[in-house]
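**Student:** target_34.txt is the file, holding compact mmCIF, C-alpha atoms:
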# COMPACT_ATOMS: atom_id res chain seq x y z
CA MET A 18 0.00 0.00 0.00
CA ILE A 19 2.75 2.41 1.03
CA HIS A 20 4.62 1.47 -2.12
CA CYS A 21 1.62 2.33 -4.28
CA PHE A 22 1.46 5.73 -2.65
CA GLN A 23 5.13 6.39 -3.31
CA TYR A 24 4.61 5.54 -6.93
CA LEU A 25 1.78 8.04 -7.12
CA VAL A 26 3.99 10.76 -5.69
CA TYR A 27 6.78 9.88 -8.06
CA GLY A 28 4.30 9.91 -10.90
CA LEU A 29 3.98 13.64 -10.41
CA TYR A 30 7.56 14.19 -11.46
CA PRO A 31 7.87 14.38 -15.19
CA TYR A 32 10.89 12.47 -16.56
CA THR A 33 10.68 9.90 -13.79
CA SER A 34 7.35 8.30 -14.59
CA ASP A 35 8.60 6.42 -17.63
CA LYS A 36 11.91 5.42 -16.10
CA GLU A 37 12.83 2.83 -13.60
CA GLY A 38 14.98 3.49 -10.58
CA PRO A 39 15.95 6.81 -9.10
CA VAL A 40 16.82 9.77 -11.28
CA ASN A 41 20.28 11.23 -11.00
CA ASP A 42 21.77 14.69 -11.20
CA SER A 43 22.43 14.48 -14.90
CA MET A 44 18.69 14.42 -15.53
CA PRO A 45 17.48 17.66 -17.04
CA PRO A 46 15.45 19.88 -14.69
CA ASP A 47 11.77 20.44 -15.47
CA MET A 48 12.43 24.08 -16.25
CA ILE A 49 15.24 26.61 -16.47
CA TRP A 50 15.32 29.97 -14.79
CA ARG A 51 15.42 32.95 -17.06
CA ILE A 52 16.69 36.33 -15.99
CA ASP A 53 13.26 37.85 -16.82
CA ASP A 54 11.61 35.58 -14.23
CA PHE A 55 12.89 37.92 -11.54
CA GLN A 56 12.82 41.64 -10.82
CA ILE A 57 15.88 42.37 -8.77
CA ASP A 58 16.63 45.55 -6.86
CA PRO A 59 20.43 45.85 -6.65
CA SER A 60 20.26 47.73 -3.34
CA ARG A 61 18.54 44.94 -1.40
CA PRO A 62 19.97 41.57 -0.34
CA LEU A 63 19.69 39.40 -3.43
CA TYR A 64 18.87 36.08 -1.82
CA GLU A 65 15.95 37.66 0.07
CA GLN A 66 14.48 38.79 -3.23
CA PHE A 67 14.93 35.39 -4.87
CA VAL A 68 13.30 33.73 -1.84
CA GLU A 69 10.34 36.14 -1.96
CA GLN A 70 9.82 35.75 -5.68
CA ILE A 71 10.18 31.96 -5.86
CA ARG A 72 7.87 31.71 -2.87
CA ALA A 73 5.29 33.80 -4.68
CA MET A 74 5.64 31.60 -7.79
CA ILE A 75 4.94 28.52 -5.66
CA ALA A 76 2.01 30.21 -3.91
CA LYS A 77 0.50 31.25 -7.25
CA GLY A 78 0.98 27.78 -8.68
CA GLN A 79 3.30 29.14 -11.40
CA LEU A 80 5.75 26.56 -10.09
CA ALA A 81 3.77 23.35 -9.77
CA PRO A 82 4.27 20.97 -6.85
CA GLY A 83 6.89 18.38 -7.69
CA THR A 84 8.70 20.51 -10.28
CA ARG A 85 12.38 19.65 -10.46
CA LEU A 86 14.43 22.84 -10.22
CA PRO A 87 17.77 23.51 -11.89
CA SER A 88 20.85 22.94 -9.73
CA VAL A 89 22.67 25.78 -7.97
CA ARG A 90 25.32 25.67 -10.68
CA GLU A 91 22.82 25.85 -13.56
CA THR A 92 20.85 28.59 -11.83
CA ALA A 93 23.93 30.72 -11.09
CA ALA A 94 24.91 30.44 -14.75
CA SER A 95 21.51 31.25 -16.22
CA LEU A 96 20.76 34.13 -13.83
CA ARG A 97 24.39 35.33 -13.81
CA VAL A 98 24.37 35.57 -10.05
CA ASN A 99 26.91 34.49 -7.44
CA PRO A 100 26.36 30.77 -6.69
CA THR A 101 26.42 31.44 -2.92
CA THR A 102 23.32 33.61 -3.35
CA ILE A 103 21.47 30.76 -5.05
CA MET A 104 22.66 28.27 -2.44
CA LYS A 105 21.33 30.52 0.32
CA THR A 106 18.05 30.97 -1.58
CA TYR A 107 17.47 27.23 -1.94
CA GLN A 108 18.47 26.64 1.70
CA GLU A 109 16.02 29.24 2.94
CA LEU A 110 13.21 27.82 0.78
CA GLU A 111 13.99 24.37 2.17
CA ARG A 112 13.81 25.78 5.67
CA LEU A 113 10.35 27.12 4.78
CA SER A 114 9.48 23.57 3.59
CA LEU A 115 8.74 24.86 0.08
CA LEU A 116 11.61 22.99 -1.54
CA VAL A 117 12.87 19.49 -0.88
CA THR A 118 16.27 18.17 -1.88
CA TYR A 119 16.76 14.45 -2.41
CA ARG A 120 20.38 13.44 -2.46
CA GLY A 121 21.46 12.48 -5.92
CA GLN A 122 18.11 13.47 -7.38
CA GLY A 123 17.96 17.22 -7.12
CA THR A 124 15.77 19.93 -5.69
CA PHE A 125 11.99 19.83 -6.07
CA VAL A 126 9.03 22.04 -5.24
CA THR A 127 7.25 20.42 -2.30
CA ASN A 128 4.14 18.30 -2.79
CA GLU A 129 3.03 19.13 0.69
CA GLU A 130 -0.31 20.94 0.60
CA ALA A 131 0.18 22.47 4.08
CA ALA A 132 3.47 24.15 3.20
CA ILE A 133 2.00 25.65 0.05
CA SER A 134 -1.09 27.02 1.79
CA ARG A 135 1.16 28.43 4.50
CA SER A 136 3.10 30.29 1.82
CA ARG A 137 -0.16 31.58 0.30
CA ARG A 138 -1.20 32.86 3.70
CA ASP A 139 2.17 34.54 4.25
CA LEU A 140 1.91 36.14 0.83
CA ALA A 141 -1.55 37.49 1.69
CA ARG A 142 -0.38 38.75 5.06
CA THR A 143 2.57 40.61 3.59
CA ALA A 144 0.38 42.23 0.95
CA VAL A 145 -2.27 43.23 3.50
CA ALA A 146 0.36 44.60 5.89
CA ARG A 147 1.71 46.75 3.08
CA LEU A 148 -1.77 47.97 2.26
CA GLU A 149 -2.45 48.72 5.91
CA GLU A 150 0.72 50.79 6.10
CA LEU A 151 -0.37 52.78 3.07
CA ALA A 152 -3.83 53.29 4.60
CA GLN A 153 -2.29 54.50 7.86
CA SER A 154 -0.08 56.94 6.01
CA ILE A 155 -3.24 58.80 4.98
CA GLY A 156 -4.87 58.35 8.38
CA MET A 157 -7.27 55.52 7.58
CA THR A 158 -7.89 52.01 8.78
CA LEU A 159 -7.58 49.16 6.34
CA GLU A 160 -11.38 48.76 6.22
CA GLN A 161 -11.93 52.47 5.54
CA PHE A 162 -9.25 52.33 2.88
CA ILE A 163 -10.90 49.40 1.09
CA ALA A 164 -14.31 51.05 1.39
CA LEU A 165 -12.86 54.22 -0.12
CA ALA A 166 -11.42 52.28 -3.04
CA LYS A 167 -14.80 50.67 -3.72
CA GLU A 168 -16.72 53.95 -3.44
CA GLU A 169 -18.49 54.99 -6.64
CA GLU A 170 -17.95 58.46 -8.05
CA MET B 1 49.51 29.04 4.92
CA ASP B 2 45.88 30.03 5.24
CA HIS B 3 43.89 27.90 2.81
CA THR B 4 40.86 30.13 2.98
CA ILE B 5 42.69 33.17 1.59
CA THR B 6 43.86 33.10 -2.03
CA ILE B 7 45.24 36.62 -2.29
CA GLN B 8 46.65 38.70 0.54
CA CYS B 9 48.25 42.11 -0.08
CA THR B 10 49.65 44.07 2.82
CA ALA B 11 50.88 47.66 2.56
CA VAL B 12 51.93 47.24 -1.06
CA GLU B 13 53.82 50.15 -2.63
CA MET B 14 54.82 50.49 -6.24
CA SER B 15 56.82 53.30 -7.80
CA PHE B 16 58.03 53.74 -11.34
CA LYS B 17 60.95 56.16 -11.12
CA LYS B 18 59.39 59.17 -9.39
CA LYS B 19 55.80 58.23 -10.04
CA LYS B 20 53.92 56.41 -7.32
CA ALA B 21 51.56 53.87 -8.90
CA LEU B 22 50.33 52.11 -5.77
CA HIS B 23 50.32 53.29 -2.18
CA ASN B 24 49.53 51.26 0.93
CA VAL B 25 47.41 48.66 -0.85
CA THR B 26 45.96 46.13 1.61
CA PHE B 27 43.19 43.64 0.90
CA ALA B 28 42.38 39.92 0.91
CA ALA B 29 40.45 37.67 -1.46
CA LYS B 30 38.87 34.56 0.05
CA SER B 31 39.14 31.24 -1.73
CA GLY B 32 36.15 30.37 -3.89
CA SER B 33 34.92 33.94 -4.10
CA ILE B 34 34.44 36.41 -6.93
CA VAL B 35 36.21 39.67 -6.18
CA GLY B 36 35.77 42.82 -8.23
CA LEU B 37 38.58 45.30 -8.60
CA LEU B 38 36.83 48.53 -9.49
CA GLY B 39 38.09 52.00 -10.19
CA PRO B 40 38.56 54.61 -12.89
CA ASN B 41 41.15 54.32 -15.66
CA GLY B 42 44.69 54.83 -14.43
CA ALA B 43 43.80 53.84 -10.86
CA GLY B 44 46.50 51.18 -10.72
CA LYS B 45 44.37 48.08 -11.36
CA SER B 46 46.58 46.64 -14.09
CA THR B 47 49.75 47.40 -12.10
CA LEU B 48 48.28 45.58 -9.11
CA MET B 49 47.36 42.60 -11.29
CA ARG B 50 50.86 42.46 -12.75
CA ILE B 51 52.22 42.32 -9.20
CA LEU B 52 49.79 39.53 -8.32
CA ILE B 53 50.81 37.38 -11.25
CA GLY B 54 54.47 37.96 -10.37
CA ILE B 55 55.79 39.78 -13.42
CA LEU B 56 56.32 42.97 -11.43
CA GLU B 57 57.95 43.19 -8.05
CA PRO B 58 56.43 45.69 -5.59
CA THR B 59 58.71 48.43 -4.21
CA ALA B 60 57.54 47.60 -0.68
CA GLY B 61 54.94 45.54 1.17
CA THR B 62 54.07 41.86 1.07
CA VAL B 63 51.99 39.90 -1.38
CA GLU B 64 50.85 36.30 -1.02
CA VAL B 65 49.11 34.49 -3.84
CA LEU B 66 48.01 30.89 -3.32
CA GLY B 67 50.05 30.88 -0.14
CA ARG B 68 53.36 32.13 -1.48
CA LYS B 69 55.19 35.09 -2.92
CA PRO B 70 54.17 35.60 -6.57
CA GLY B 71 56.71 34.11 -8.95
CA VAL B 72 57.22 31.39 -11.50
CA GLU B 73 55.48 28.72 -9.38
CA THR B 74 52.37 30.78 -8.68
CA LEU B 75 52.22 31.97 -12.29
CA GLY B 76 51.87 28.33 -13.31
CA GLN B 77 48.94 27.90 -10.94
CA LEU B 78 46.80 30.78 -12.10
CA SER B 79 45.16 31.91 -15.32
CA PHE B 80 45.46 35.51 -16.38
CA LEU B 81 43.54 37.39 -19.02
CA PRO B 82 45.46 40.59 -19.81
CA ASP B 83 43.80 43.86 -20.72
CA ARG B 84 43.77 44.38 -24.48
CA GLY B 85 45.62 41.13 -24.91
CA HIS B 86 45.53 39.40 -28.27
CA LEU B 87 45.80 35.81 -29.32
CA PRO B 88 48.00 34.92 -32.31
CA ASN B 89 45.88 36.13 -35.23
CA TRP B 90 47.49 33.76 -37.76
CA LEU B 91 46.03 30.71 -36.00
CA THR B 92 42.57 29.23 -36.05
CA ALA B 93 40.76 28.71 -32.72
CA ASP B 94 41.46 24.99 -33.03
CA GLN B 95 45.20 25.52 -33.64
CA TRP B 96 45.39 27.94 -30.73
CA LEU B 97 43.66 25.51 -28.35
CA GLY B 98 45.97 22.70 -29.48
CA TYR B 99 48.94 24.97 -28.81
CA ALA B 100 47.58 26.03 -25.39
CA ALA B 101 46.96 22.38 -24.47
CA GLY B 102 50.64 21.78 -25.21
CA ILE B 103 52.06 24.65 -23.14
CA TYR B 104 49.86 24.37 -20.05
CA PRO B 105 50.50 21.19 -18.04
CA ASP B 106 47.17 21.60 -16.22
CA TRP B 107 45.14 21.82 -19.45
CA ASP B 108 41.92 19.80 -19.18
CA ILE B 109 40.66 18.62 -22.57
CA ALA B 110 37.19 17.79 -21.18
CA LEU B 111 36.86 21.32 -19.78
CA GLU B 112 38.06 22.71 -23.10
CA ARG B 113 35.36 20.80 -25.01
CA GLU B 114 32.68 21.86 -22.56
CA TRP B 115 33.62 25.54 -22.76
CA VAL B 116 34.03 25.56 -26.55
CA ARG B 117 30.47 24.25 -26.76
CA LYS B 118 29.04 26.60 -24.13
CA GLN B 119 30.82 29.69 -25.43
CA GLU B 120 29.86 28.71 -28.99
CA VAL B 121 33.32 29.14 -30.43
CA ASP B 122 33.78 27.82 -33.94
CA ARG B 123 37.09 25.94 -33.95
CA SER B 124 37.75 26.49 -37.64
CA THR B 125 37.54 30.30 -37.44
CA SER B 126 40.81 32.11 -37.83
CA ILE B 127 41.52 34.36 -34.85
CA GLY B 128 42.41 37.22 -37.18
CA THR B 129 38.86 37.32 -38.54
CA MET B 130 37.10 37.04 -35.16
CA SER B 131 34.97 39.82 -33.73
CA ARG B 132 36.09 41.27 -30.40
CA GLY B 133 33.34 39.29 -28.65
CA GLN B 134 34.41 35.99 -30.24
CA GLU B 135 38.05 36.58 -29.36
CA ALA B 136 37.15 37.55 -25.78
CA ARG B 137 35.18 34.31 -25.40
CA LEU B 138 38.12 32.31 -26.76
CA GLN B 139 40.46 34.10 -24.33
CA LEU B 140 38.17 33.37 -21.41
CA LEU B 141 37.79 29.71 -22.29
CA THR B 142 41.57 29.47 -22.53
CA CYS B 143 41.67 30.62 -18.89
CA LEU B 144 38.88 28.27 -17.83
CA SER B 145 40.18 25.16 -19.59
CA ARG B 146 43.10 24.98 -17.19
CA ARG B 147 42.62 23.53 -13.74
CA THR B 148 43.78 26.67 -11.96
CA LYS B 149 42.62 27.73 -8.52
CA LEU B 150 42.89 31.42 -9.33
CA VAL B 151 41.65 33.26 -12.41
CA ILE B 152 42.60 36.92 -12.85
CA LEU B 153 40.72 38.82 -15.53
CA ASP B 154 41.74 42.34 -16.53
CA GLU B 155 38.83 44.05 -18.26
CA PRO B 156 37.29 40.96 -19.86
CA PHE B 157 34.38 42.99 -21.24
CA THR B 158 36.04 45.90 -23.04
CA GLY B 159 34.64 46.17 -26.52
CA VAL B 160 32.62 42.97 -26.08
CA ASP B 161 29.02 42.87 -27.29
CA LEU B 162 26.10 42.33 -24.88
CA LEU B 163 25.48 38.66 -25.64
CA SER B 164 29.16 37.75 -25.36
CA ARG B 165 29.35 39.67 -22.08
CA GLU B 166 26.41 37.66 -20.78
CA ARG B 167 28.03 34.39 -21.85
CA ILE B 168 31.27 35.35 -20.14
CA SER B 169 29.64 36.29 -16.83
CA SER B 170 27.49 33.20 -16.96
CA ALA B 171 30.66 31.07 -17.30
CA ILE B 172 32.24 32.85 -14.33
CA ALA B 173 29.16 32.22 -12.16
CA GLU B 174 29.14 28.56 -13.16
CA GLU B 175 32.85 28.10 -12.51
CA THR B 176 32.67 29.34 -8.91
CA ALA B 177 29.73 27.05 -8.05
CA ASP B 178 31.97 24.20 -6.92
CA GLY B 179 33.79 26.60 -4.62
CA ASP B 180 37.34 25.83 -5.65
CA ARG B 181 38.02 28.65 -8.04
CA THR B 182 38.69 32.24 -7.06
CA PHE B 183 38.14 35.07 -9.51
CA LEU B 184 39.67 38.53 -9.36
CA ILE B 185 38.10 40.70 -12.02
CA ALA B 186 38.90 44.28 -12.98
CA THR B 187 35.98 45.76 -14.87
CA HIS B 188 34.08 48.93 -15.63
CA ASP B 189 30.98 46.94 -16.36
CA ILE B 190 29.46 47.20 -12.90
CA ARG B 191 25.86 46.55 -13.95
CA GLU B 192 26.72 43.28 -15.65
CA MET B 193 28.79 42.05 -12.73
CA GLU B 194 27.33 43.50 -9.55
CA SER B 195 25.22 40.50 -8.61
CA MET B 196 28.23 38.22 -9.12
CA PHE B 197 30.74 39.81 -6.77
CA ASP B 198 31.20 38.58 -3.21
CA ARG B 199 33.48 41.48 -2.48
CA ILE B 200 34.51 44.67 -4.21
CA ILE B 201 37.78 46.52 -3.88
CA LEU B 202 37.58 50.14 -4.88
CA ILE B 203 40.86 51.58 -6.04
CA GLY B 204 41.61 55.13 -7.14
CA ASP B 205 44.88 57.06 -7.57
CA GLY B 206 46.82 53.98 -6.52
CA THR B 207 45.18 53.67 -3.12
CA ILE B 208 42.39 51.50 -1.77
CA LYS B 209 39.27 53.63 -1.31
CA GLY B 210 37.26 50.86 0.25
CA VAL B 211 36.74 47.10 0.51
CA TYR B 212 33.14 45.95 0.82
CA ASP B 213 31.29 42.66 1.01
CA THR B 214 28.45 43.15 -1.44
CA GLU B 215 25.76 41.35 0.55
CA LYS B 216 26.64 43.57 3.53
CA LEU B 217 26.32 46.65 1.31
CA ARG B 218 22.86 45.51 0.21
CA ASP B 219 21.91 44.80 3.83
CA ASP B 220 22.50 48.51 4.38
CA GLY B 221 20.36 49.36 1.38
CA ARG B 222 23.23 50.22 -0.97
CA SER B 223 23.99 48.82 -4.39
CA VAL B 224 27.48 48.25 -5.77
CA GLU B 225 26.83 51.01 -8.27
CA SER B 226 25.71 53.56 -5.65
CA CYS B 227 28.73 52.69 -3.51
CA TYR B 228 31.04 53.23 -6.50
CA ARG B 229 29.42 56.60 -7.16
CA GLU B 230 29.74 57.70 -3.53
CA VAL B 231 33.41 56.84 -3.50
CA PHE B 232 34.46 58.22 -6.87
CA ALA B 233 31.97 60.94 -7.82
Mind turning the file's structure into structure tokens?
**Tutor:**
Amino acid sequence: MIHCFQYLVYGLYPYTSDKEGPVNDSMPPDMIWRIDDFQIDPSRPLYEQFVEQIRAMIAKGQLAPGTRLPSVRETAASLRVNPTTIMKTYQELERLSLLVTYRGQGTFVTNEEAAISRSRRDLARTAVARLEELAQSIGMTLEQFIALAKEEE
Amino acid sequence: MDHTITIQCTAVEMSFKKKKALHNVTFAAKSGSIVGLLGPNGAGKSTLMRILIGILEPTAGTVEVLGRKPGVETLGQLSFLPDRGHLPNWLTADQWLGYAAGIYPDWDIALEREWVRKQEVDRSTSIGTMSRGQEARLQLLTCLSRRTKLVILDEPFTGVDLLSRERISSAIAEETADGDRTFLIATHDIREMESMFDRIILIGDGTIKGVYDTEKLRDDGRSVESCYREVFA
């Protein structure tokens, strides 16, 4: 029974479903990063921005659960960024349970529903906090601010 | 010897006759990092690089490269791309690479093949007919095809087109991923390189104007470019 379940999970990974045995690092990733995937502000810590933006991609479903990500080396080369930055980014996303690394297989977007909904909630909270700040700057509560935006001319 | 430091300069002085080219130059480059040497023309970057590769002896101060005083031994353990350097224009890329494989004992044919493919260099092209971008890519892959721990690049982007610049910086990022290569790069192309540097050394009028870890700069809300402007403008 447990074995069946594992097969189902594995079935989500493209490239592995039609192959037997574990995949290895020479397998191509499911996607490659392109420099246009990110908007980077050069005066803020880079890894923070990569974490935020990849997290948002996972929350929005732009990066599907189970997607195999390019290695640190491939990512550093395609984004033309210091490899340490990418390593820190992947580590932080692993800490947030959004990425999982299997030794010898690579780094994948988590299949864990809970971790993804947590990231959606965090995304919502950050956006709302920003909105609240903006509302306060003109002396309004968040609710008043939203009401104002919905007001008809 | 400290294995975590690839380059250590302490109070380096360099004078040519009466002219002082470098004054009290002190900095370190950690192993496996990408270090940018930034500054206006005539700041002393090329002089400093010539000292590091061991073809110029400083007037005073100490220099350690790969754990020893720069000289013949260290020169054999590093790759250097000189500013405005040219490859023999009467050879084809293939002939040049064959020649390089013969003179460098640490030449790695597998690395050469990989980089020729990734840098899209056509082996049959004669160097004399190459564009600046093509020649720059061939020069870089000559540096990368050797198994050297230290790669020193003096202005690798001058006169190089956008796509070749991107290919070159992409190769540099990839080559540091395993953590055993250190890059020291003098460049004016700050925008292309700023997200690659671990550390920047700002040099002007032969003196060090500042040494910064880039992630620390960004923690304080500053970019490499704004820091450069504050120091030199």
**Student:** Residues of chain A were defined as contacting chain B if any atom lay at most 6 Å from it, counting only C-alpha atoms; please report them as a list in words.
**Tutor:**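 Interface list for chain A against chain B: Pro59, Ser60, Arg61, Pro62, Arg90, Ala93, Ala94, Arg97, Val98, Asn99 and Pro100 of chain A.
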**Student:** At a cut-off of 9 Å around the point (33.2, 37.2, -24.5) (file coordinates), what residues fall inside when counting all atoms listed in the file? I'd like the answer as a JSON list (two decimals) with C-alpha atoms, in the frame of the given file.
**Tutor:**
[["chain", "number", "residue", "atom", "x", "y", "z"],
["B", 119, "GLN", "CA", 30.82, 29.69, -25.43],
["B", 132, "ARG", "CA", 36.09, 41.27, -30.40],
["B", 133, "GLY", "CA", 33.34, 39.29, -28.65],
["B", 134, "GLN", "CA", 34.41, 35.99, -30.24],
["B", 135, "GLU", "CA", 38.05, 36.58, -29.36],
["B", 136, "ALA", "CA", 37.15, 37.55, -25.78],
["B", 137, "ARG", "CA", 35.18, 34.31, -25.40],
["B", 138, "LEU", "CA", 38.12, 32.31, -26.76],
["B", 139, "GLN", "CA", 40.46, 34.10, -24.33],
["B", 140, "LEU", "CA", 38.17, 33.37, -21.41],
["B", 156, "PRO", "CA", 37.29, 40.96, -19.86],
["B", 157, "PHE", "CA", 34.38, 42.99, -21.24],
["B", 160, "VAL", "CA", 32.62, 42.97, -26.08],
["B", 161, "ASP", "CA", 29.02, 42.87, -27.29],
["B", 162, "LEU", "CA", 26.10, 42.33, -24.88],
["B", 163, "LEU", "CA", 25.48, 38.66, -25.64],
["B", 164, "SER", "CA", 29.16, 37.75, -25.36],
["B", 165, "ARG", "CA", 29.35, 39.67, -22.08],
["B", 166, "GLU", "CA", 26.41, 37.66, -20.78],
["B", 167, "ARG", "CA", 28.03, 34.39, -21.85],
["B", 168, "ILE", "CA", 31.27, 35.35, -20.14],
["B", 169, "SER", "CA", 29.64, 36.29, -16.83]]
**Student:** Please check which residues have atoms at most 12 Å from (50.6, 38.5, -10.7) in the file's coordinates, counting only C-alpha atoms, and write them as number ranges by chain.
**Tutor:** B: 7-9, 45-58, 63-66, 68-82, 150-154, 184
**Student:** Got time to write the residues from that selection, C-alpha atoms, as a PDB file, in the coordinates of the input?
**Tutor:**
ATOM      1  CA  ILE B   7      45.240  36.620  -2.290  1.00  0.00           C
ATOM      2  CA  GLN B   8      46.650  38.700   0.540  1.00  0.00           C
ATOM      3  CA  CYS B   9      48.250  42.110  -0.080  1.00  0.00           C
ATOM      4  CA  LYS B  45      44.370  48.080 -11.360  1.00  0.00           C
ATOM      5  CA  SER B  46      46.580  46.640 -14.090  1.00  0.00           C
ATOM      6  CA  THR B  47      49.750  47.400 -12.100  1.00  0.00           C
ATOM      7  CA  LEU B  48      48.280  45.580  -9.110  1.00  0.00           C
ATOM      8  CA  MET B  49      47.360  42.600 -11.290  1.00  0.00           C
ATOM      9  CA  ARG B  50      50.860  42.460 -12.750  1.00  0.00           C
ATOM     10  CA  ILE B  51      52.220  42.320  -9.200  1.00  0.00           C
ATOM     11  CA  LEU B  52      49.790  39.530  -8.320  1.00  0.00           C
ATOM     12  CA  ILE B  53      50.810  37.380 -11.250  1.00  0.00           C
ATOM     13  CA  GLY B  54      54.470  37.960 -10.370  1.00  0.00           C
ATOM     14  CA  ILE B  55      55.790  39.780 -13.420  1.00  0.00           C
ATOM     15  CA  LEU B  56      56.320  42.970 -11.430  1.00  0.00           C
ATOM     16  CA  GLU B  57      57.950  43.190  -8.050  1.00  0.00           C
ATOM     17  CA  PRO B  58      56.430  45.690  -5.590  1.00  0.00           C
ATOM     18  CA  VAL B  63      51.990  39.900  -1.380  1.00  0.00           C
ATOM     19  CA  GLU B  64      50.850  36.300  -1.020  1.00  0.00           C
ATOM     20  CA  VAL B  65      49.110  34.490  -3.840  1.00  0.00           C
ATOM     21  CA  LEU B  66      48.010  30.890  -3.320  1.00  0.00           C
ATOM     22  CA  ARG B  68      53.360  32.130  -1.480  1.00  0.00           C
ATOM     23  CA  LYS B  69      55.190  35.090  -2.920  1.00  0.00           C
ATOM     24  CA  PRO B  70      54.170  35.600  -6.570  1.00  0.00           C
ATOM     25  CA  GLY B  71      56.710  34.110  -8.950  1.00  0.00           C
ATOM     26  CA  VAL B  72      57.220  31.390 -11.500  1.00  0.00           C
ATOM     27  CA  GLU B  73      55.480  28.720  -9.380  1.00  0.00           C
ATOM     28  CA  THR B  74      52.370  30.780  -8.680  1.00  0.00           C
ATOM     29  CA  LEU B  75      52.220  31.970 -12.290  1.00  0.00           C
ATOM     30  CA  GLY B  76      51.870  28.330 -13.310  1.00  0.00           C
ATOM     31  CA  GLN B  77      48.940  27.900 -10.940  1.00  0.00           C
ATOM     32  CA  LEU B  78      46.800  30.780 -12.100  1.00  0.00           C
ATOM     33  CA  SER B  79      45.160  31.910 -15.320  1.00  0.00           C
ATOM     34  CA  PHE B  80      45.460  35.510 -16.380  1.00  0.00           C
ATOM     35  CA  LEU B  81      43.540  37.390 -19.020  1.00  0.00           C
ATOM     36  CA  PRO B  82      45.460  40.590 -19.810  1.00  0.00           C
ATOM     37  CA  LEU B 150      42.890  31.420  -9.330  1.00  0.00           C
ATOM     38  CA  VAL B 151      41.650  33.260 -12.410  1.00  0.00           C
ATOM     39  CA  ILE B 152      42.600  36.920 -12.850  1.00  0.00           C
ATOM     40  CA  LEU B 153      40.720  38.820 -15.530  1.00  0.00           C
ATOM     41  CA  ASP B 154      41.740  42.340 -16.530  1.00  0.00           C
ATOM     42  CA  LEU B 184      39.670  38.530  -9.360  1.00  0.00           C
TER      43      LEU B 184
END
**Student:** Considering all atoms listed in the file, can you say which of A:Gln153, A:Glu65, A:Gln161, A:Ile57 comes closest to A:Ile103?
**Tutor:**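 Counting all atoms listed in the file, the residue closest to A:Ile103 is A:Glu65.
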**Student:** Between atom CA of A:Tyr119 and atom CA of A:Gln66, what distance in Å does the model show, to one decimal?
**Tutor:**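 Between these atoms lies a distance of 24.5 Å.
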**Student:** Just want the 8 Å neighbourhood of B:Thr10, counted on all atoms listed in the file, with same-chain residues fewer than 6 positions away dropped. Output as an NGL selection string.
**Tutor:** :B and (24-27 or 61-63)
**Student:** What is the distance, in Å and to one decimal place, between atom CA of B:Ala28 and atom CA of B:Gly210?
**Tutor:**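 That distance, rounded to one decimal, is 12.1 Å.
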**Student:** From the list B:Arg199, B:Lys118, B:Lys17, B:Arg84, which residue is nearest B:Gly36 when using only C-alpha atoms?
**Tutor:**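 The shortest atom-to-atom distance to B:Gly36 comes from B:Arg199.
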**Student:** Rounded to one decimal place, report the atom CA of A:Gln79-atom CA of A:Ser114 distance in Å.
**Tutor:**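 Atom-to-atom, atom CA of A:Gln79 to atom CA of A:Ser114, that is 17.1 Å.
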**Student:** So for stretch 72-83 of chain A, what box centre and size do we get, axis-aligned, 4 Å extra on each of the six sides, every listed atom, Å to one decimal, as AutoDock Vina command-line options?
**Tutor:**
--center_x 4.2 --center_y 26.1 --center_z -7.1 --size_x 15.4 --size_y 23.4 --size_z 16.5
**Student:** Rank nothing, just name the residue among A:Leu116, A:Gly78, A:Glu91, A:Ile133 nearest to A:Arg51, using only C-alpha atoms.
**Tutor:**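 Among A:Leu116, A:Gly78, A:Glu91, A:Ile133, it is A:Glu91 that comes nearest to A:Arg51.
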**Student:** Find the residue from A:Arg112, A:Arg120, A:Arg135, A:Asp58 that sits nearest to A:Ala73; use all atoms listed in the file when measuring.
**Tutor:**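 Nearest candidate to A:Ala73 out of A:Arg112, A:Arg120, A:Arg135, A:Asp58: A:Arg135.
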**Student:** Within 8 Å of B:Ile200, counting only C-alpha atoms, which residues show up once you throw out same-chain ones fewer than 6 positions away? Write them as a JSON list (two decimals) with C-alpha atoms, keeping the file's coordinate frame, please.
**Tutor:**
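Heads up, here's the output in around.json:
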[["chain", "number", "residue", "atom", "x", "y", "z"],
["B", 35, "VAL", "CA", 36.21, 39.67, -6.18],
["B", 36, "GLY", "CA", 35.77, 42.82, -8.23],
["B", 37, "LEU", "CA", 38.58, 45.30, -8.60],
["B", 38, "LEU", "CA", 36.83, 48.53, -9.49],
["B", 211, "VAL", "CA", 36.74, 47.10, 0.51],
["B", 212, "TYR", "CA", 33.14, 45.95, 0.82],
["B", 213, "ASP", "CA", 31.29, 42.66, 1.01],
["B", 214, "THR", "CA", 28.45, 43.15, -1.44]]
**Student:** Tell me which protein, DNA and RNA residues are within 10 Å of B:Asp106, counting only C-alpha atoms, leaving out same-chain ones fewer than 2 positions away, and put them as number ranges by chain.
**Tutor:** B: 76-77, 101-104, 108-109, 145-148
